[in-house]
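Below: one structure, written as structure tokens.
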Amino acid sequence: MNKELFGVFGAYETFDQLRPDATFDEVVDGEVATVGIRDPGLGATGWSASYEGTDGACLVWGENYVSPAVDGRRDEGEHGIGDGNGDETNTARWLLERYATEGLEALSGLNGSYLVFLEYDGEAFVATDPVRSRECFYTDEPGVRTFGTDAAAVAGTIQEPEIRFNAVLEFLHMGVVLGEKTTFEGLSRLPIDSYLTPTTVEPLERFVYDPIERDRESEYARELADRLERAIERRAQLPGRKGLLLSSGYDSRTLLSGIPDIERCYTVGDPSAQEVRGAKRLARQYDAAHTAFPPDERYLLADADKVRYSQGIKESLHIHHAGYADEMATDVDTVYHGLLCDTFFRGHFNAEDTVEVLGKQVPVNRLDPDPNPVDTLLNKFGYDPATSRELMNHVSPELEDPDNFVRAVVREEFDRVSDRADSVQNALNCCGIDNQPSIPFHGQLSDTHFASFLAVDTELIDWHLTTPPEYRTTKTFLEACRHLDESMLRYQPPDRPRETQLLNDIEGFVRRKAPFLEPFEPPWPNRERVFEVYDIDRRLLPDHEHLYDLPARHKLRLHDVVGWMQQCSEPSAEEIERLFEPNSLLA
């Protein structure tokens, strides 16, 4: 990877034995820990920062700003030092100095998508941002606690890494490894909103639901608009030429409207596709150039780099743009995206009540009063029972019922995070955010560009935590968009011409059935067609025809698993071959 943080709670000599000093741009040699950071953007405004003083040292890896936390009740305009908007304060120095007087509470003043290492007064720790948008992996196997942002590098310090088969099964059946697990025994990752010490893992309290009832429903939208405006302004300061991954949906257009110097927009899809035509209209509206990346073999072929960004815990499929990274790198330095805006602002993980319309269960814009958490989460994760039963014939023959397996692990994970929430609906959101499958999307961008993550702004996370789930809806978000820029909604997404899901679903059904109407197209290219046209089966899984009838998504997961093992544990060709024998994969 181009950017990395790696360290040990131990002496420099131990660090240098595991990873040579020369591979990092800067190494902090402290009394408790030794940590190296590699990042070509180190020191750039809004990006990785380092500082060593007489009392300690601090490294902040990733996107970061100084912006003290809010509690949903503060007076508007109180943003603290520099507001995180153009202030040249070194965030690492700021955090170390603030920690000296406030302790861990100082972390609430750091904003962005980051990982922090801090050593002060004989103590040291590594902390995630509030929602774990940047992973931290750790192991005690080398005899000293070792940690880092690259799972393969940390796993490489384990003498003989052993596969954690249940975690691999979670990945194959759901596309995500839940909680703190990884696909190797002895290798773990920090949970959401937590910090790592030489001997423990400790929770923090920055991500805890505490809804506020406002006098008028419209206040939620106005508050969201104000916070979006400030969050976008913070991120407008990132350096260089600016680009945006643009869909024709609602989320990414907030950045296109709010950052006037975005020069280029990118969409993966055929130029004639409805999604691409809609994105091109939006780009033209805001005077930005638009590029459509054709969904050829580059869209799905997962090379070693793309698999590595999955960290062995989430699908490389979500890195839709990876095959086109070289083209983007020649155009822009900073890339924006709207990832997780639907999760934080529009209730993606809410359990909605439904009615049957024309044989289909359709949401009716109200929350389910008695949701089944496991069913809801499995649906959101995209679990397919029929495909999993088919997959079972190729994976772990001792697993008799994949449905029972996935239900048990999802229930366990839901219960694990429920103490951060005041209701089942908010616990669903917490569990979904903690295990968001699409995070590799941001991880790859952050490794190749200055990549902004709007949705995890401190103020916006606070809005999510303090707004009741019944108001975290598309309706509220669209009202906030109108406050920001009425013209932002001039064009509706092509597959959602109406503002209510019920009407969109009814129109979609009519269009599919009426021969004289053009049906809505899905926003993403057809994976099955790409597999067929570009012979992806034989290019990813040569000589394993018994797997070719599986859906494209599950074949990509199988390829991810093998690619990940090859990077971390170097299995022999014979061992890889045995993985693909019918009825004995991972047996």
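Order determines the names: the first chain of the structure tokens is A, the second B, and so forth; residues in each chain are numbered 1 upward, and ligands are numbered 1 upward as they are shown.
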(message) Which residues are close to Phe414 in chain A, i.e. within 8 Å by only C-alpha atoms, leaving aside same-chain residues fewer than 5 positions away? Reply as a ChimeraX atom specification.
(response) /A:373-374,427-428,431
Those selected residues, please, written with N, CA and C atoms and delivered as a PDB file, in the first residue's frame.
ATOM      1  N   PRO A 373     -34.363  -7.988  14.308  1.00  0.00           N
ATOM      2  CA  PRO A 373     -33.035  -7.453  13.995  1.00  0.00           C
ATOM      3  C   PRO A 373     -32.234  -8.338  13.052  1.00  0.00           C
ATOM      4  N   VAL A 374     -32.288  -9.635  13.244  1.00  0.00           N
ATOM      5  CA  VAL A 374     -31.485 -10.535  12.416  1.00  0.00           C
ATOM      6  C   VAL A 374     -31.965 -10.514  10.973  1.00  0.00           C
ATOM      7  N   ALA A 427     -30.036   0.406  17.458  1.00  0.00           N
ATOM      8  CA  ALA A 427     -29.085  -0.703  17.555  1.00  0.00           C
ATOM      9  C   ALA A 427     -28.837  -1.308  16.174  1.00  0.00           C
ATOM     10  N   LEU A 428     -29.865  -1.388  15.348  1.00  0.00           N
ATOM     11  CA  LEU A 428     -29.697  -1.852  13.969  1.00  0.00           C
ATOM     12  C   LEU A 428     -28.734  -0.949  13.212  1.00  0.00           C
ATOM     13  N   CYS A 431     -25.126  -1.468  14.529  1.00  0.00           N
ATOM     14  CA  CYS A 431     -24.554  -2.724  14.042  1.00  0.00           C
ATOM     15  C   CYS A 431     -24.204  -2.617  12.560  1.00  0.00           C
TER      16      CYS A 431
END
(request) Write out as a ChimeraX atom specification each polymer residue whose atoms come within 8 Å of range 119-136 of chain A, counting only C-alpha atoms; drop sequence neighbours fewer than 5 positions from it. (result) /A:30-33,55-58,96,100,111-114,147-151,189-198,206-207,433-434,439,443,456
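Nearest to Thr476 in chain A of all the residues A:Ala106, A:Ile259, A:Leu224, A:Met328 is A:Leu224, based on only C-alpha atoms.
In terms of minimum interatomic distance to Phe117 in chain A, A:Val8 ranks closest within A:Met174, A:Ala273, A:Ala153, A:Val8, counting only C-alpha atoms.
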(request) Name the closest residue to Pro402 in chain A among the candidates A:His173, A:Arg93, A:Arg527, A:Arg416; distances are taken between atoms, counting only C-alpha atoms. (result) A:His173
(request) Rank A:Val533, A:Val208, A:Val332, A:Leu244 by their smallest atom-to-atom distance to Ala421 in chain A, using only C-alpha atoms, and report the top residue only. (result)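 Between A:Val533, A:Val208, A:Val332, A:Leu244, the residue approaching Ala421 in chain A most closely is A:Val208.
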(message) For a quick check of understanding, using only C-alpha atoms, which of A:Glu518, A:Asp305, A:Glu162, A:Asp549 has the smallest distance to Leu391 in chain A?
(response)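 For Leu391 in chain A, the nearest of the given residues is A:Asp549.
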